[in-house]
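Have a look at my_file17.tsv below; it lists TSV, C-alpha atoms.
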chain	number	residue	atom	x	y	z
H	1	MET	CA	-14.58	0.16	-19.79
H	2	GLN	CA	-14.50	-1.29	-23.22
H	3	PHE	CA	-12.37	-1.21	-26.24
H	4	SER	CA	-12.10	-1.11	-30.02
H	5	PRO	CA	-12.40	2.56	-32.16
H	6	GLY	CA	-12.41	4.47	-35.17
H	7	CYS	CA	-10.91	7.79	-34.42
H	8	LEU	CA	-9.50	10.35	-36.73
H	9	VAL	CA	-7.22	12.78	-35.11
H	10	LEU	CA	-6.30	16.00	-36.75
H	11	VAL	CA	-3.72	18.02	-34.94
H	12	PHE	CA	-2.28	21.38	-35.70
H	13	SER	CA	0.99	23.08	-35.06
H	14	LEU	CA	1.55	26.02	-32.81
H	15	PHE	CA	4.53	26.96	-34.88
H	16	HIS	CA	2.48	28.09	-37.88
H	17	SER	CA	0.39	31.22	-37.98
H	18	ALA	CA	-2.24	29.37	-40.00
H	19	PRO	CA	-3.93	27.24	-37.29
H	20	ARG	CA	-5.49	24.84	-39.79
H	21	ALA	CA	-2.22	23.43	-41.11
H	22	PRO	CA	-1.71	19.80	-40.06
H	23	ALA	CA	1.48	19.03	-38.17
H	24	THR	CA	2.63	16.71	-35.38
H	25	VAL	CA	0.89	17.33	-32.07
H	26	VAL	CA	-0.37	20.56	-30.63
H	27	GLU	CA	1.43	22.64	-28.04
H	28	ASP	CA	-1.80	24.16	-26.83
H	29	PHE	CA	-5.25	22.60	-27.08
H	30	ASN	CA	-6.63	26.08	-27.80
H	31	HIS	CA	-4.79	26.13	-31.12
H	32	VAL	CA	-7.19	23.66	-32.65
H	33	GLU	CA	-10.65	24.83	-33.54
H	34	ARG	CA	-13.20	23.29	-31.13
H	35	CYS	CA	-10.53	21.13	-29.50
H	36	LYS	CA	-10.95	23.07	-26.28
H	37	ASP	CA	-14.67	22.27	-26.24
H	38	SER	CA	-13.72	19.10	-24.35
H	39	LEU	CA	-12.34	21.18	-21.47
H	40	TYR	CA	-14.21	23.10	-18.78
H	41	MET	CA	-13.91	26.79	-19.65
H	42	GLY	CA	-11.63	25.70	-22.50
H	43	THR	CA	-8.85	25.21	-19.98
H	44	PRO	CA	-6.77	22.02	-19.51
H	45	PRO	CA	-5.59	20.85	-16.08
H	46	ARG	CA	-2.96	23.22	-14.73
H	47	GLY	CA	0.35	22.30	-13.17
H	48	ILE	CA	1.20	19.05	-14.96
H	49	ILE	CA	4.85	19.11	-16.01
H	50	ASP	CA	4.57	18.13	-19.64
H	51	ALA	CA	7.89	18.89	-21.34
H	52	LYS	CA	8.10	15.32	-22.68
H	53	LEU	CA	4.37	14.79	-23.10
H	54	LYS	CA	2.28	15.19	-26.24
H	55	LYS	CA	-1.04	16.99	-26.48
H	56	ILE	CA	-3.37	15.18	-28.87
H	57	CYS	CA	-6.59	16.64	-30.16
H	58	GLN	CA	-8.45	13.42	-30.90
H	59	ARG	CA	-10.22	13.96	-34.21
H	60	TYR	CA	-12.67	11.61	-35.89
H	61	ALA	CA	-14.80	12.17	-39.00
H	62	ASP	CA	-13.32	15.67	-39.39
H	63	LYS	CA	-14.36	16.78	-35.92
H	64	PRO	CA	-12.41	17.08	-32.65
H	65	ARG	CA	-13.93	14.67	-30.11
H	66	PHE	CA	-11.77	14.90	-26.97
H	67	VAL	CA	-8.21	15.63	-25.88
H	68	THR	CA	-5.42	13.46	-24.49
H	69	LEU	CA	-2.15	14.25	-22.78
H	70	TYR	CA	0.08	11.39	-23.91
H	71	ASP	CA	3.41	10.04	-22.67
H	72	PRO	CA	5.29	8.57	-25.66
H	73	GLN	CA	7.98	7.09	-23.41
H	74	LYS	CA	5.53	5.16	-21.23
H	75	ARG	CA	3.23	4.70	-24.24
H	76	ILE	CA	0.07	5.49	-22.30
H	77	PRO	CA	-2.08	8.58	-21.79
H	78	VAL	CA	-1.54	10.67	-18.67
H	79	TYR	CA	-5.16	11.73	-18.95
H	80	SER	CA	-8.00	12.09	-21.40
H	81	ALA	CA	-10.49	14.94	-21.02
H	82	TYR	CA	-13.93	14.97	-22.58
H	83	SER	CA	-17.44	16.33	-22.34
H	84	PHE	CA	-20.01	13.81	-21.13
H	85	LYS	CA	-22.92	13.07	-23.47
H	86	LYS	CA	-26.19	11.73	-22.09
H	87	THR	CA	-26.58	8.14	-23.14
H	88	GLU	CA	-28.39	4.91	-22.40
H	89	GLY	CA	-25.02	3.30	-21.75
H	90	ASP	CA	-25.35	0.48	-24.27
H	91	ARG	CA	-22.00	-0.74	-25.53
H	92	ARG	CA	-20.61	-1.06	-29.02
H	93	VAL	CA	-17.51	-3.11	-29.65
H	94	ASP	CA	-17.36	-3.30	-33.43
H	95	TYR	CA	-15.06	-0.34	-34.04
H	96	PRO	CA	-11.51	-0.89	-35.33
H	97	TRP	CA	-8.62	-0.06	-33.04
H	98	MET	CA	-6.73	3.05	-34.10
H	99	TYR	CA	-3.23	4.44	-33.73
H	100	GLU	CA	-1.92	7.99	-34.02
H	101	PRO	CA	0.50	8.46	-36.95
H	102	GLN	CA	1.08	12.07	-35.90
H	103	LEU	CA	3.11	10.85	-32.93
H	104	ALA	CA	5.60	9.27	-35.32
H	105	GLU	CA	5.82	11.55	-38.34
H	106	VAL	CA	5.40	15.18	-39.27
H	107	ASP	CA	4.14	14.66	-42.81
H	108	GLY	CA	1.08	12.59	-42.01
H	109	ASN	CA	-2.37	13.70	-43.11
H	110	GLY	CA	-3.41	14.45	-39.54
H	111	ASN	CA	-5.92	11.62	-39.22
H	112	MET	CA	-5.96	8.79	-36.73
H	113	LEU	CA	-5.88	5.51	-38.63
H	114	PRO	CA	-6.96	1.91	-38.07
H	115	PHE	CA	-4.11	-0.48	-37.41
H	116	PRO	CA	-3.10	-2.18	-40.68
H	117	THR	CA	-3.32	-5.95	-40.89
H	118	GLY	CA	0.24	-6.29	-42.15
H	119	TYR	CA	3.56	-4.85	-41.12
H	120	LEU	CA	3.55	-1.72	-39.01
H	121	HIS	CA	6.69	0.32	-39.33
H	122	MET	CA	8.87	0.34	-36.23
H	123	LYS	CA	8.72	4.13	-36.01
H	124	PHE	CA	5.12	3.85	-34.85
H	125	GLU	CA	6.06	1.39	-32.11
H	126	ASP	CA	8.72	3.78	-30.86
H	127	SER	CA	6.20	6.47	-29.96
H	128	GLN	CA	3.06	4.60	-28.89
H	129	ALA	CA	1.52	1.30	-27.94
H	130	VAL	CA	0.47	-1.12	-30.68
H	131	LEU	CA	-1.92	-4.07	-30.66
H	132	ASP	CA	0.90	-6.57	-30.13
H	133	ASP	CA	1.66	-4.96	-26.78
H	134	TYR	CA	-1.70	-6.17	-25.49
H	135	SER	CA	-2.03	-9.44	-27.41
H	136	ASP	CA	-0.14	-11.78	-25.07
H	137	VAL	CA	-0.88	-10.29	-21.66
H	138	VAL	CA	-3.58	-12.22	-19.84
H	139	LEU	CA	-3.68	-10.09	-16.69
H	140	TYR	CA	-4.51	-6.83	-18.42
H	141	GLU	CA	-7.19	-5.43	-20.65
H	142	ARG	CA	-7.30	-2.24	-22.68
H	143	GLY	CA	-9.08	0.15	-20.36
H	144	HIS	CA	-10.58	3.36	-21.71
H	145	LEU	CA	-9.98	6.69	-20.01
H	146	ASN	CA	-12.74	8.26	-22.10
H	147	PRO	CA	-15.21	5.33	-22.12
H	148	ASP	CA	-17.58	4.77	-25.00
H	149	GLN	CA	-20.59	4.54	-22.68
H	150	HIS	CA	-20.07	8.19	-21.72
H	151	GLN	CA	-20.72	9.15	-25.34
H	152	SER	CA	-23.91	8.95	-27.42
H	153	ASP	CA	-23.08	9.84	-31.01
H	154	PRO	CA	-21.64	6.85	-32.92
H	155	HIS	CA	-18.71	8.96	-34.10
H	156	ASP	CA	-17.98	10.11	-30.55
H	157	ARG	CA	-18.04	6.48	-29.44
H	158	ALA	CA	-15.83	5.35	-32.28
H	159	SER	CA	-13.28	8.01	-31.40
H	160	THR	CA	-12.64	6.43	-28.01
H	161	TYR	CA	-11.20	3.29	-29.58
H	162	THR	CA	-7.67	4.52	-30.01
H	163	LEU	CA	-4.74	3.03	-28.13
H	164	THR	CA	-3.76	6.59	-27.18
H	165	ASN	CA	-6.90	6.60	-24.99
H	166	VAL	CA	-6.33	3.31	-23.16
H	167	VAL	CA	-4.11	1.94	-20.42
H	168	PRO	CA	-3.43	-1.62	-19.20
H	169	GLU	CA	-5.97	-2.36	-16.49
H	170	ILE	CA	-6.14	-5.48	-14.39
H	171	ARG	CA	-9.05	-7.45	-15.82
H	172	GLU	CA	-10.86	-7.90	-12.49
H	173	PHE	CA	-10.61	-4.16	-11.82
H	174	ASN	CA	-11.63	-3.15	-15.33
H	175	ILE	CA	-14.77	-5.28	-15.55
H	176	GLY	CA	-15.63	-4.89	-11.87
H	177	PRO	CA	-15.23	-1.80	-9.67
H	178	TRP	CA	-14.15	0.61	-12.41
H	179	ARG	CA	-16.91	-0.31	-14.86
H	180	GLU	CA	-19.44	-0.03	-12.04
H	181	HIS	CA	-18.14	3.44	-11.20
H	182	GLU	CA	-18.34	4.58	-14.82
H	183	GLU	CA	-21.96	3.43	-14.89
H	184	ARG	CA	-22.70	5.16	-11.56
H	185	ILE	CA	-21.34	8.44	-12.92
H	186	ARG	CA	-23.22	7.99	-16.20
H	187	VAL	CA	-26.53	7.63	-14.36
H	188	ARG	CA	-25.78	10.53	-11.99
H	189	LEU	CA	-24.84	12.95	-14.75
H	190	ASN	CA	-27.71	11.78	-16.95
H	191	ASN	CA	-30.23	12.48	-14.20
H	192	TYR	CA	-28.89	15.51	-12.37
H	193	CYS	CA	-26.49	17.48	-14.59
H	194	ARG	CA	-28.56	20.06	-16.43
H	195	GLY	CA	-25.75	21.58	-18.45
H	196	THR	CA	-22.53	20.11	-19.81
H	197	ALA	CA	-20.39	17.89	-17.61
H	198	PHE	CA	-16.65	17.83	-18.21
H	199	ILE	CA	-14.60	14.83	-17.15
H	200	VAL	CA	-10.85	14.28	-16.77
H	201	THR	CA	-9.64	10.71	-16.23
H	202	GLY	CA	-6.02	9.73	-15.78
H	203	VAL	CA	-3.49	7.45	-14.11
H	204	THR	CA	-0.42	7.36	-11.92
H	205	THR	CA	2.52	5.01	-12.51
H	206	THR	CA	5.34	3.60	-10.40
H	207	GLY	CA	7.60	2.05	-13.02
H	208	HIS	CA	5.97	-1.31	-13.74
H	209	MET	CA	5.88	-2.07	-17.45
H	210	ILE	CA	4.50	-4.60	-19.89
H	211	ARG	CA	7.40	-6.33	-21.66
H	212	ARG	CA	7.41	-7.57	-25.23
H	213	ASN	CA	10.37	-9.14	-27.02
H	214	ASN	CA	12.50	-8.41	-23.94
H	215	GLN	CA	11.73	-4.71	-24.18
H	216	TYR	CA	9.86	-2.53	-21.72
H	217	ARG	CA	6.89	-1.35	-23.73
H	218	VAL	CA	3.83	-0.04	-21.88
H	219	ALA	CA	3.55	1.43	-18.39
H	220	ILE	CA	1.08	-0.24	-16.03
H	221	PRO	CA	-0.94	2.25	-13.97
H	222	GLU	CA	-0.74	2.08	-10.19
H	223	ASP	CA	-3.84	4.22	-9.67
H	224	VAL	CA	-6.72	5.26	-11.90
H	225	TRP	CA	-8.42	8.56	-11.10
H	226	THR	CA	-11.25	10.63	-12.50
H	227	ALA	CA	-13.05	13.90	-11.79
H	228	TYR	CA	-16.08	15.66	-13.21
H	229	CYS	CA	-17.31	19.26	-13.22
H	230	CYS	CA	-20.94	20.23	-13.83
H	231	THR	CA	-21.86	23.71	-12.64
H	232	ASP	CA	-25.44	23.63	-13.94
H	233	TYR	CA	-27.09	20.86	-11.94
H	234	ASP	CA	-30.42	20.06	-10.32
H	235	ARG	CA	-30.52	22.04	-7.07
H	236	ASN	CA	-33.57	20.02	-6.02
H	237	SER	CA	-31.81	16.67	-6.22
H	238	PRO	CA	-31.57	14.50	-3.10
H	239	HIS	CA	-29.01	15.64	-0.56
H	240	GLU	CA	-26.75	12.63	-1.09
H	241	VAL	CA	-26.59	13.60	-4.78
H	242	ARG	CA	-26.43	17.36	-4.35
H	243	ILE	CA	-23.30	17.16	-2.20
H	244	ARG	CA	-21.52	15.57	-5.18
H	245	PHE	CA	-21.98	18.71	-7.29
H	246	PRO	CA	-20.68	20.81	-8.89
H	247	SER	CA	-17.61	18.55	-8.83
H	248	GLN	CA	-16.55	15.17	-7.53
H	249	ALA	CA	-13.57	12.86	-7.97
H	250	ALA	CA	-12.75	9.20	-7.55
H	251	LEU	CA	-9.61	7.14	-7.04
H	252	ALA	CA	-8.84	3.42	-7.17
H	253	LYS	CA	-5.96	0.98	-7.28
H	254	ASN	CA	-5.41	-0.83	-10.56
H	255	ALA	CA	-5.23	-4.19	-8.78
H	256	LYS	CA	-6.86	-7.61	-8.58
H	257	GLU	CA	-7.79	-7.07	-4.93
H	258	GLY	CA	-8.14	-3.95	-2.81
H	259	ASN	CA	-9.44	-2.13	-5.88
H	260	MET	CA	-12.48	-0.39	-4.43
H	261	VAL	CA	-13.30	2.96	-6.04
H	262	HIS	CA	-13.32	5.77	-3.46
H	263	GLU	CA	-15.28	8.93	-4.19
H	264	ILE	CA	-13.45	11.97	-2.85
H	265	THR	CA	-13.39	15.71	-3.41
H	266	VAL	CA	-11.45	17.11	-6.34
H	267	GLN	CA	-9.18	18.94	-3.88
H	268	ASP	CA	-8.36	15.68	-2.09
H	269	LEU	CA	-7.58	14.06	-5.44
H	270	GLU	CA	-5.30	16.94	-6.39
H	271	ASN	CA	-3.46	16.64	-3.07
H	272	PHE	CA	-3.00	12.92	-3.68
H	273	LEU	CA	-1.73	13.46	-7.23
H	274	LYS	CA	0.86	15.95	-5.97
H	275	THR	CA	2.52	13.04	-4.19
H	276	ARG	CA	2.25	10.59	-7.09
H	277	MET	CA	2.72	12.53	-10.31
H	278	ASP	CA	5.21	14.95	-11.82
H	279	VAL	CA	3.13	18.02	-11.08
H	280	GLU	CA	3.54	21.45	-9.56
H	281	GLN	CA	2.01	22.49	-6.27
H	282	ASN	CA	-0.53	24.64	-8.10
H	283	LEU	CA	-2.12	21.59	-9.73
H	284	GLN	CA	-5.72	22.35	-10.65
H	285	LEU	CA	-7.85	19.91	-12.64
H	286	PHE	CA	-10.63	22.39	-13.40
H	287	TYR	CA	-10.44	26.11	-14.02
H	288	ASP	CA	-11.21	28.07	-10.86
H	289	ASN	CA	-11.87	24.74	-9.09
H	290	CYS	CA	-15.17	24.34	-10.96
H	291	ILE	CA	-16.79	27.03	-8.83
H	292	SER	CA	-20.47	27.06	-9.60
H	293	PRO	CA	-21.75	30.41	-10.84
H	294	SER	CA	-24.31	31.94	-8.52
H	295	PRO	CA	-27.89	31.53	-9.76
H	296	LEU	CA	-28.69	34.91	-8.22
H	297	PRO	CA	-27.81	38.29	-9.74
H	298	LEU	CA	-25.17	40.23	-7.86
H	299	TYR	CA	-27.59	42.80	-6.43
H	300	LEU	CA	-29.47	40.03	-4.60
H	301	HIS	CA	-26.43	38.44	-2.97
H	302	HIS	CA	-26.95	40.43	0.24
H	303	THR	CA	-30.31	38.71	0.71
H	304	ILE	CA	-28.80	35.24	1.03
Translate this structure into structure tokens?
Amino acid sequence: MQFSPGCLVLVFSLFHSAPRAPATVVEDFNHVERCKDSLYMGTPPRGIIDAKLKKICQRYADKPRFVTLYDPQKRIPVYSAYSFKKTEGDRRVDYPWMYEPQLAEVDGNGNMLPFPTGYLHMKFEDSQAVLDDYSDVVLYERGHLNPDQHQSDPHDRASTYTLTNVVPEIREFNIGPWREHEERIRVRLNNYCRGTAFIVTGVTTTGHMIRRNNQYRVAIPEDVWTAYCCTDYDRNSPHEVRIRFPSQAALAKNAKEGNMVHEITVQDLENFLKTRMDVEQNLQLFYDNCISPSPLPLYLHHTI
């Protein structure tokens, strides 16, 4: 997981009949043109209690790139959801870090902006993390939820470098087990997903926070989780690969030790999250549980 972006975010208001009018954050990802393209079947995870959370359609270079459910009180994303792009996995780290002015004001121009070099008005710090929150913490690094190595287009990569897409990750975990898992998934989806793969990556928290100037600023994740859905995959892939389609999940502790990444089923992940997050019992990360459409026409089903 790596860090540093360019990411323009244009968000639109549900409260206006004209869906192209810029406003604060969206109430429904479907109210932004192409925003829902980052979600399997255009549907966000179901059952997450989000009354105090903000839905961000992450927009860069006048195009929606991915979506984030953001907690302005904890100043971290709950999850980011994106479509995987086949890539060689090489890393770029020369993008400027961005912040989301739409979280702090209604009259912004709708674009995500690079952090200024001078004074940043306190109203931005109230609603989101800023660079200073990460500058003096040696234990943690800015860990992407939507990682740049899962994107191929330079604009898509740049869009991941927003602080609304990162969480504090223990350095040993970030550069070790979690980065290795991201690379493992990149190779798997590159080689065996024939269609589009959709990924949702998020965190759980238990109350630990990064402090700055004697203030609790940024929540530190307890667990990091991820899940993918790819219904059009290579049916002739090796058995040990084929059993990880159409969907698979993973879970790990954000810790210096005991941070192994465990691959599990999406259902097992959902059951775990029901005990760790503010969610309803009908929690569902992917529409219809990412059920793979049958490759056979209906009239041939009786021959199976």
For H:Asn174, the nearest of the candidates H:Ala227, H:Ala197, H:Ala255, H:Ala249, counting only C-alpha atoms:
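For H:Asn174, the nearest of the candidates is H:Ala255.
Coordinates place atom CA of H:Ile264 at a distance of 20.3 Å from atom CA of H:Asn191.
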Residue nearest H:Tyr95 among H:Asn165, H:Ser135, H:Thr160, H:Gln128 (counting all atoms listed in the file):
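Checking each candidate against H:Tyr95, we get H:Thr160 as the closest.
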Centre, edges in Å (one decimal): axis-aligned box, stretch 148-153 of chain H, 6 Å padding on all six sides, as JSON:
{"center_x": -20.7, "center_y": 7.2, "center_z": -26.4, "size_x": 18.3, "size_y": 17.3, "size_z": 21.3}
From the set H:Trp97, H:Phe173, H:Tyr82, H:Tyr134, which residue has the shortest atom-to-atom contact distance to H:Phe198, counting only C-alpha atoms?
H:Tyr82
Compare H:Phe66, H:Gln73, H:Gly202, H:Leu113 by their minimum atom-to-atom distance to H:His150, counting all atoms listed in the file, and give me the closest one.
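Smallest distance to H:His150 is found for H:Phe66.
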Closest of H:Arg276, H:Lys256, H:Arg186, H:Arg217 to H:Lys86 - atom-to-atom distances counting all atoms listed in the file
H:Arg186
Which residue out of H:Met98, H:Ile76, H:Ala81, H:Met260 has the minimum interatomic distance to H:Pro45 when all atoms listed in the file are used?
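Checking each candidate against H:Pro45, we get H:Ala81 as the closest.
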Which residues are close to H:Asp268, i.e. within 12 Å by all atoms listed in the file, leaving aside same-chain residues fewer than 3 positions away? Reply as a PyMOL selection string.
chain H and resi 225-227+247-251+262-265+271-275+283-285+289
Interatomic distance, atom CA of H:Pro77 to atom CA of H:Lys54 (Å, one decimal):
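Pair atom CA of H:Pro77 / atom CA of H:Lys54 returns 9.1 Å.
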Gap from atom CA of H:Arg188 to atom CA of H:Pro147 - Å, one decimal:
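Between atom CA of H:Arg188 and atom CA of H:Pro147 the gap is 15.5 Å.
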Who sits within 9 Å of H:Lys85, only C-alpha atoms, same chain under 5 positions skipped, as a VMD selection string:
chain H and resid 149 to 153 186 189 to 190 196 to 197
Tell me which protein, DNA and RNA residues are within 8 Å of H:Glu222, counting only C-alpha atoms, leaving out same-chain ones fewer than 5 positions away, and put them as a PDB file with C-alpha atoms, keeping the file's coordinate frame.
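Once everything was written out, this is result.pdb:
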ATOM      1  CA  VAL H 203      -3.490   7.450 -14.110  1.00  0.00           C
ATOM      2  CA  THR H 204      -0.420   7.360 -11.920  1.00  0.00           C
ATOM      3  CA  THR H 205       2.520   5.010 -12.510  1.00  0.00           C
ATOM      4  CA  THR H 206       5.340   3.600 -10.400  1.00  0.00           C
ATOM      5  CA  LYS H 253      -5.960   0.980  -7.280  1.00  0.00           C
ATOM      6  CA  ASN H 254      -5.410  -0.830 -10.560  1.00  0.00           C
ATOM      7  CA  ALA H 255      -5.230  -4.190  -8.780  1.00  0.00           C
TER       8      ALA H 255
END
Report as a PyMOL selection string all protein, DNA and RNA residues lying within 9 Å of H:Ser80, evaluated on all atoms listed in the file, omitting residues in the same chain fewer than 4 positions from it.
chain H and resi 66-70+145-146+165+199-202
Just C-alpha atoms for this one: save the residues we selected as an mmCIF file, in the frame of the given file.
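File produced: result05.cif:
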data_model
loop_
_atom_site.group_PDB
_atom_site.id
_atom_site.type_symbol
_atom_site.label_atom_id
_atom_site.label_comp_id
_atom_site.auth_asym_id
_atom_site.auth_seq_id
_atom_site.Cartn_x
_atom_site.Cartn_y
_atom_site.Cartn_z
ATOM 1 C CA PHE H 66 -11.770 14.900 -26.970
ATOM 2 C CA VAL H 67 -8.210 15.630 -25.880
ATOM 3 C CA THR H 68 -5.420 13.460 -24.490
ATOM 4 C CA LEU H 69 -2.150 14.250 -22.780
ATOM 5 C CA TYR H 70 0.080 11.390 -23.910
ATOM 6 C CA LEU H 145 -9.980 6.690 -20.010
ATOM 7 C CA ASN H 146 -12.740 8.260 -22.100
ATOM 8 C CA ASN H 165 -6.900 6.600 -24.990
ATOM 9 C CA ILE H 199 -14.600 14.830 -17.150
ATOM 10 C CA VAL H 200 -10.850 14.280 -16.770
ATOM 11 C CA THR H 201 -9.640 10.710 -16.230
ATOM 12 C CA GLY H 202 -6.020 9.730 -15.780
#
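Those residues that approach H:Ser127 to within 6 Å, counting all atoms listed in the file, are H:Pro72, H:Phe124, H:Glu125; same-chain residues fewer than 2 positions away are not listed.
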